[in-house]
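What follows is the content of data14.pdb (PDB, C-alpha atoms).
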```pdb
ATOM      1  CA  MET A  62       7.784 -39.646  49.565
ATOM      2  CA  ILE A  63       6.579 -42.576  47.530
ATOM      3  CA  ARG A  64       2.990 -43.716  47.966
ATOM      4  CA  VAL A  65       1.646 -47.079  46.900
ATOM      5  CA  HIS A  66      -2.104 -47.736  46.781
ATOM      6  CA  ASN A  67      -3.886 -50.960  45.956
ATOM      7  CA  ASN A  68      -5.634 -50.414  42.626
ATOM      8  CA  LYS A  69      -7.454 -53.706  42.038
ATOM      9  CA  GLY A  70      -6.420 -57.268  42.582
ATOM     10  CA  LEU A  71      -2.649 -57.247  42.977
ATOM     11  CA  GLN A  72      -2.177 -54.038  40.955
ATOM     12  CA  GLN A  73      -0.539 -51.181  42.815
ATOM     13  CA  GLN A  74      -0.732 -47.500  41.868
ATOM     14  CA  ILE A  75       2.683 -45.985  42.575
ATOM     15  CA  GLU A  76       2.937 -42.223  43.104
ATOM     16  CA  ILE A  77       6.394 -40.659  43.069
ATOM     17  CA  GLY A  78       5.937 -36.912  43.257
ATOM     18  CA  SER A  79       3.858 -35.980  40.212
ATOM     19  CA  HIS A  80       4.623 -39.287  38.463
ATOM     20  CA  GLN A  81       2.224 -42.222  38.363
ATOM     21  CA  LEU A  82       3.276 -45.821  37.690
ATOM     22  CA  LEU A  83       1.455 -49.109  37.849
ATOM     23  CA  GLY A  84       2.955 -52.197  39.450
ATOM     24  CA  ASP A  85       1.555 -55.685  39.031
ATOM     25  CA  VAL A  86       2.608 -59.299  38.713
ATOM     26  CA  SER A  87       2.124 -61.766  35.879
ATOM     27  CA  PRO A  88      -1.107 -63.725  35.426
ATOM     28  CA  GLU A  89       0.853 -66.858  36.434
ATOM     29  CA  LEU A  90       1.310 -65.269  39.853
ATOM     30  CA  GLY A  91      -2.297 -64.078  40.134
ATOM     31  CA  GLY A  92      -1.997 -60.593  38.661
ATOM     32  CA  GLU A  93      -2.962 -59.132  35.329
ATOM     33  CA  GLY A  94       0.528 -58.231  34.112
ATOM     34  CA  ALA A  95      -0.598 -54.601  33.795
ATOM     35  CA  GLY A  96       2.755 -53.220  34.956
ATOM     36  CA  PRO A  97       6.236 -54.203  36.023
ATOM     37  CA  ASP A  98       6.607 -56.319  39.129
ATOM     38  CA  PRO A  99       8.666 -55.137  42.112
ATOM     39  CA  HIS A 100      11.769 -57.039  40.964
ATOM     40  CA  ASP A 101      11.517 -55.344  37.553
ATOM     41  CA  LEU A 102      11.322 -51.929  39.206
ATOM     42  CA  PHE A 103      14.353 -52.750  41.376
ATOM     43  CA  ASP A 104      16.366 -53.920  38.361
ATOM     44  CA  ALA A 105      15.231 -50.949  36.247
ATOM     45  CA  SER A 106      16.472 -48.506  38.887
ATOM     46  CA  LEU A 107      19.988 -49.868  38.369
ATOM     47  CA  GLY A 108      19.844 -49.581  34.577
ATOM     48  CA  THR A 109      18.348 -46.099  34.749
ATOM     49  CA  CYS A 110      20.975 -44.881  37.198
ATOM     50  CA  LYS A 111      23.872 -46.255  35.148
ATOM     51  CA  ALA A 112      22.554 -44.558  31.994
ATOM     52  CA  MET A 113      22.034 -41.203  33.720
ATOM     53  CA  THR A 114      25.402 -41.391  35.460
ATOM     54  CA  LEU A 115      27.232 -42.028  32.184
ATOM     55  CA  LEU A 116      25.363 -39.309  30.295
ATOM     56  CA  LEU A 117      26.119 -36.744  33.016
ATOM     57  CA  TYR A 118      29.742 -37.847  33.278
ATOM     58  CA  ALA A 119      30.237 -37.672  29.506
ATOM     59  CA  ARG A 120      28.630 -34.231  29.358
ATOM     60  CA  GLN A 121      30.882 -32.915  32.155
ATOM     61  CA  ARG A 122      34.025 -34.353  30.541
ATOM     62  CA  GLY A 123      33.153 -33.432  26.961
ATOM     63  CA  LEU A 124      33.074 -37.071  25.823
ATOM     64  CA  PRO A 125      31.191 -37.735  22.567
ATOM     65  CA  LEU A 126      28.579 -40.029  24.128
ATOM     66  CA  GLU A 127      25.434 -39.444  22.086
ATOM     67  CA  GLY A 128      23.199 -41.959  23.802
ATOM     68  CA  ILE A 129      23.106 -45.190  25.703
ATOM     69  CA  ASP A 130      20.951 -48.302  25.814
ATOM     70  CA  VAL A 131      21.079 -50.490  28.896
ATOM     71  CA  ASN A 132      19.925 -54.100  29.140
ATOM     72  CA  VAL A 133      19.595 -55.664  32.581
ATOM     73  CA  GLU A 134      19.318 -59.438  32.883
ATOM     74  CA  ARG A 135      18.323 -61.022  36.160
ATOM     75  CA  ASP A 136      19.377 -64.385  37.535
ATOM     76  CA  ASP A 137      17.247 -64.897  40.625
ATOM     77  CA  SER A 138      17.563 -68.692  40.650
ATOM     78  CA  GLU A 139      19.405 -68.505  43.997
ATOM     79  CA  GLU A 140      17.537 -65.573  45.527
ATOM     80  CA  ARG A 141      16.243 -67.687  48.407
ATOM     81  CA  GLU A 142      19.868 -68.516  49.238
ATOM     82  CA  GLY A 143      20.736 -64.811  49.311
ATOM     83  CA  ASN A 144      22.195 -64.510  45.791
ATOM     84  CA  TYR A 145      20.578 -62.135  43.314
ATOM     85  CA  ARG A 146      22.628 -61.545  40.195
ATOM     86  CA  LEU A 147      22.163 -58.748  37.691
ATOM     87  CA  VAL A 148      24.120 -58.581  34.436
ATOM     88  CA  VAL A 149      24.137 -55.114  32.871
ATOM     89  CA  GLU A 150      25.012 -54.645  29.216
ATOM     90  CA  LEU A 151      25.768 -51.119  28.004
ATOM     91  CA  SER A 152      25.420 -50.065  24.364
ATOM     92  CA  LEU A 153      27.285 -46.781  24.060
ATOM     93  CA  LYS A 154      26.447 -44.585  21.078
ATOM     94  CA  GLY A 155      28.713 -41.999  19.541
ATOM     95  CA  PRO A 156      32.257 -41.726  18.164
ATOM     96  CA  LEU A 157      34.004 -42.980  21.304
ATOM     97  CA  ASP A 158      37.481 -44.477  21.170
ATOM     98  CA  ASP A 159      38.394 -47.624  23.127
ATOM     99  CA  ALA A 160      39.904 -45.673  26.013
ATOM    100  CA  GLN A 161      36.747 -43.573  26.409
ATOM    101  CA  ARG A 162      34.550 -46.675  26.248
ATOM    102  CA  GLN A 163      36.624 -48.341  29.003
ATOM    103  CA  GLN A 164      36.512 -45.150  31.059
ATOM    104  CA  LEU A 165      32.709 -45.106  30.830
ATOM    105  CA  LEU A 166      32.531 -48.786  31.731
ATOM    106  CA  ARG A 167      34.485 -48.095  34.938
ATOM    107  CA  VAL A 168      32.272 -45.110  35.781
ATOM    108  CA  ALA A 169      29.089 -47.165  35.294
ATOM    109  CA  ASP A 170      29.843 -49.188  38.427
ATOM    110  CA  LYS A 171      30.094 -45.966  40.431
ATOM    111  CA  CYS A 172      26.486 -44.930  39.908
ATOM    112  CA  PRO A 173      24.669 -44.251  43.197
ATOM    113  CA  ILE A 174      22.223 -47.155  42.862
ATOM    114  CA  HIS A 175      25.017 -49.654  42.074
ATOM    115  CA  LYS A 176      26.834 -48.483  45.203
ATOM    116  CA  LEU A 177      23.614 -48.605  47.234
ATOM    117  CA  MET A 178      22.902 -52.158  46.090
ATOM    118  CA  THR A 179      26.427 -53.457  46.667
ATOM    119  CA  THR A 180      28.029 -51.544  49.540
ATOM    120  CA  THR A 181      25.289 -50.225  51.811
ATOM    121  CA  ASP A 182      23.639 -51.898  54.768
ATOM    122  CA  ILE A 183      20.013 -51.055  54.040
ATOM    123  CA  GLN A 184      17.654 -51.192  56.980
ATOM    124  CA  VAL A 185      13.899 -51.233  56.492
ATOM    125  CA  GLU A 186      11.413 -50.499  59.252
ATOM    126  CA  THR A 187       7.813 -51.485  58.518
ATOM    127  CA  ARG A 188       5.045 -50.174  60.750
ATOM    128  CA  LEU A 189       1.296 -49.693  60.725
ATOM    129  CA  ALA A 190      -0.036 -46.214  59.927
ATOM    130  CA  GLY A 191      -2.353 -44.441  62.356
ATOM    131  CA  ALA A 192      -4.244 -45.859  65.286
ATOM    132  CA  PRO A 193      -6.436 -48.978  65.081
ATOM    133  CA  ALA A 194      -9.989 -48.313  63.836
TER     134      ALA A 194
END
```

Please, can you express the file's structure as structure tokens?
Amino acid sequence: MIRVHNNKGLQQQIEIGSHQLLGDVSPELGGEGAGPDPHDLFDASLGTCKAMTLLLYARQRGLPLEGIDVNVERDDSEEREGNYRLVVELSLKGPLDDAQRQQLLRVADKCPIHKLMTTTDIQVETRLAGAPA
């Protein structure tokens, strides 16, 4: 379970198991910029998943992938029209040949979060906790 508690102002304390994160928005939007905003967290989940997926895949296949850097760029200029575009750039480290690099590129789009974001009908139910005070 993930818990989110209002910290102060717009800041949110995010608890994921034993991990603690802070979410916020920029001062231009009324926050303090003390942490990533929700869009940043969404985008970061994709980059994190692609990196982990490739590292696990390379390990299982004995590919010489020594590390990976992932950059995620967002184009949300048409978000209100239902278009949210993410461009992911992978920097693969290690003595990989072209065929291995292309193989890893194909695998990157099969990470669970990429599939969740692009092929799944996600349904969200929001409700009030407990009985009225």

Step by step, work through what the PyMOL selection byres ((chain A and resi 68) around 12) selects in the shown file, and finish by giving those residues as a PDB file with C-alpha atoms, in the frame of the given file.
```pdb
ATOM      1  CA  VAL A  65       1.646 -47.079  46.900  1.00  0.00           C
ATOM      2  CA  HIS A  66      -2.104 -47.736  46.781  1.00  0.00           C
ATOM      3  CA  ASN A  67      -3.886 -50.960  45.956  1.00  0.00           C
ATOM      4  CA  LYS A  69      -7.454 -53.706  42.038  1.00  0.00           C
ATOM      5  CA  GLY A  70      -6.420 -57.268  42.582  1.00  0.00           C
ATOM      6  CA  LEU A  71      -2.649 -57.247  42.977  1.00  0.00           C
ATOM      7  CA  GLN A  72      -2.177 -54.038  40.955  1.00  0.00           C
ATOM      8  CA  GLN A  73      -0.539 -51.181  42.815  1.00  0.00           C
ATOM      9  CA  GLN A  74      -0.732 -47.500  41.868  1.00  0.00           C
ATOM     10  CA  ILE A  75       2.683 -45.985  42.575  1.00  0.00           C
ATOM     11  CA  GLU A  76       2.937 -42.223  43.104  1.00  0.00           C
ATOM     12  CA  LEU A  82       3.276 -45.821  37.690  1.00  0.00           C
ATOM     13  CA  LEU A  83       1.455 -49.109  37.849  1.00  0.00           C
ATOM     14  CA  GLY A  84       2.955 -52.197  39.450  1.00  0.00           C
ATOM     15  CA  ASP A  85       1.555 -55.685  39.031  1.00  0.00           C
ATOM     16  CA  GLY A  92      -1.997 -60.593  38.661  1.00  0.00           C
ATOM     17  CA  GLU A  93      -2.962 -59.132  35.329  1.00  0.00           C
ATOM     18  CA  ALA A  95      -0.598 -54.601  33.795  1.00  0.00           C
ATOM     19  CA  GLY A  96       2.755 -53.220  34.956  1.00  0.00           C
TER      20      GLY A  96
END
```

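Ranking A:Ser152, A:Ser79, A:Asn144, A:Asn132 by their shortest atom-to-atom distance to Ser106 (chain A), with all atoms listed in the file included, puts A:Asn132 first.
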
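Reported to one decimal place, the separation of CA of Lys171 (chain A) from CA of Leu124 (chain A) is 17.4 Å.
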
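Separating CA of Tyr145 (chain A) from CA of Ile63 (chain A) is a distance of 24.4 Å.
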
Within 8 Å of Ala169 (chain A), counting only C-alpha atoms, which residues show up once you throw out same-chain ones fewer than 2 positions away? Write them as a CSV table (one decimal) with C-alpha atoms, keeping the file's coordinate frame, please.
```csv
chain,number,residue,atom,x,y,z
A,111,LYS,CA,23.9,-46.3,35.1
A,112,ALA,CA,22.6,-44.6,32.0
A,114,THR,CA,25.4,-41.4,35.5
A,115,LEU,CA,27.2,-42.0,32.2
A,165,LEU,CA,32.7,-45.1,30.8
A,166,LEU,CA,32.5,-48.8,31.7
A,167,ARG,CA,34.5,-48.1,34.9
A,171,LYS,CA,30.1,-46.0,40.4
A,172,CYS,CA,26.5,-44.9,39.9
```

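With CA of Asp98 (chain A) on one side and CA of Gly191 (chain A) on the other, the separation reads 27.6 Å.
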
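Residue selection for this entry, given the PyMOL selection byres ((chain A and resi 154) around 12), comprises Ala112, Leu115, Leu116, Ala119, Leu124, Pro125, Leu126, Glu127, Gly128, Ile129, Asp130, Val131, Leu151, Ser152, Leu153, Gly155, Pro156, Leu157, Asp158, Gln161, Arg162 and Leu165 of chain A.
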
Legend entry - Of the listed residues A:Val86, A:Arg188, A:Val133, A:Thr179, that which approaches Thr109 (chain A) most closely, counting only C-alpha atoms: A:Val133

Using the atoms already present, construct N, CA, C and O atoms for region 66-77 of chain A and hand them back as a PDB file, in the frame of the given file.
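Okay, out.pdb is ready:
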```pdb
ATOM      1  N   HIS A  66      -0.702 -47.458  46.452  1.00  0.00           N
ATOM      2  CA  HIS A  66      -2.104 -47.736  46.781  1.00  0.00           C
ATOM      3  C   HIS A  66      -2.558 -48.956  45.994  1.00  0.00           C
ATOM      4  O   HIS A  66      -2.268 -49.067  44.802  1.00  0.00           O
ATOM      5  N   ASN A  67      -3.314 -49.818  46.653  1.00  0.00           N
ATOM      6  CA  ASN A  67      -3.886 -50.960  45.956  1.00  0.00           C
ATOM      7  C   ASN A  67      -4.905 -50.445  44.950  1.00  0.00           C
ATOM      8  O   ASN A  67      -5.790 -49.676  45.281  1.00  0.00           O
ATOM      9  N   ASN A  68      -4.761 -50.849  43.707  1.00  0.00           N
ATOM     10  CA  ASN A  68      -5.634 -50.414  42.626  1.00  0.00           C
ATOM     11  C   ASN A  68      -6.794 -51.397  42.509  1.00  0.00           C
ATOM     12  O   ASN A  68      -7.924 -51.065  42.783  1.00  0.00           O
ATOM     13  N   LYS A  69      -6.481 -52.601  42.079  1.00  0.00           N
ATOM     14  CA  LYS A  69      -7.454 -53.706  42.038  1.00  0.00           C
ATOM     15  C   LYS A  69      -6.656 -54.990  41.957  1.00  0.00           C
ATOM     16  O   LYS A  69      -5.584 -55.032  41.362  1.00  0.00           O
ATOM     17  N   GLY A  70      -7.164 -56.020  42.562  1.00  0.00           N
ATOM     18  CA  GLY A  70      -6.420 -57.268  42.582  1.00  0.00           C
ATOM     19  C   GLY A  70      -5.049 -57.041  43.198  1.00  0.00           C
ATOM     20  O   GLY A  70      -4.923 -56.474  44.275  1.00  0.00           O
ATOM     21  N   LEU A  71      -4.015 -57.458  42.497  1.00  0.00           N
ATOM     22  CA  LEU A  71      -2.649 -57.247  42.977  1.00  0.00           C
ATOM     23  C   LEU A  71      -2.014 -55.966  42.422  1.00  0.00           C
ATOM     24  O   LEU A  71      -0.905 -55.613  42.798  1.00  0.00           O
ATOM     25  N   GLN A  72      -2.721 -55.273  41.541  1.00  0.00           N
ATOM     26  CA  GLN A  72      -2.177 -54.038  40.955  1.00  0.00           C
ATOM     27  C   GLN A  72      -1.977 -52.970  42.030  1.00  0.00           C
ATOM     28  O   GLN A  72      -2.809 -52.797  42.904  1.00  0.00           O
ATOM     29  N   GLN A  73      -0.860 -52.260  41.892  1.00  0.00           N
ATOM     30  CA  GLN A  73      -0.539 -51.181  42.815  1.00  0.00           C
ATOM     31  C   GLN A  73      -0.314 -49.895  42.029  1.00  0.00           C
ATOM     32  O   GLN A  73       0.417 -49.886  41.044  1.00  0.00           O
ATOM     33  N   GLN A  74      -0.956 -48.821  42.450  1.00  0.00           N
ATOM     34  CA  GLN A  74      -0.732 -47.500  41.868  1.00  0.00           C
ATOM     35  C   GLN A  74       0.418 -46.881  42.643  1.00  0.00           C
ATOM     36  O   GLN A  74       0.358 -46.742  43.860  1.00  0.00           O
ATOM     37  N   ILE A  75       1.490 -46.539  41.949  1.00  0.00           N
ATOM     38  CA  ILE A  75       2.683 -45.985  42.575  1.00  0.00           C
ATOM     39  C   ILE A  75       2.746 -44.499  42.249  1.00  0.00           C
ATOM     40  O   ILE A  75       2.692 -44.117  41.083  1.00  0.00           O
ATOM     41  N   GLU A  76       2.837 -43.669  43.282  1.00  0.00           N
ATOM     42  CA  GLU A  76       2.937 -42.223  43.104  1.00  0.00           C
ATOM     43  C   GLU A  76       4.300 -41.777  43.617  1.00  0.00           C
ATOM     44  O   GLU A  76       4.627 -41.955  44.786  1.00  0.00           O
ATOM     45  N   ILE A  77       5.079 -41.201  42.718  1.00  0.00           N
ATOM     46  CA  ILE A  77       6.394 -40.659  43.069  1.00  0.00           C
ATOM     47  C   ILE A  77       6.368 -39.204  42.646  1.00  0.00           C
ATOM     48  O   ILE A  77       6.518 -38.882  41.465  1.00  0.00           O
TER      49      ILE A  77
END
```
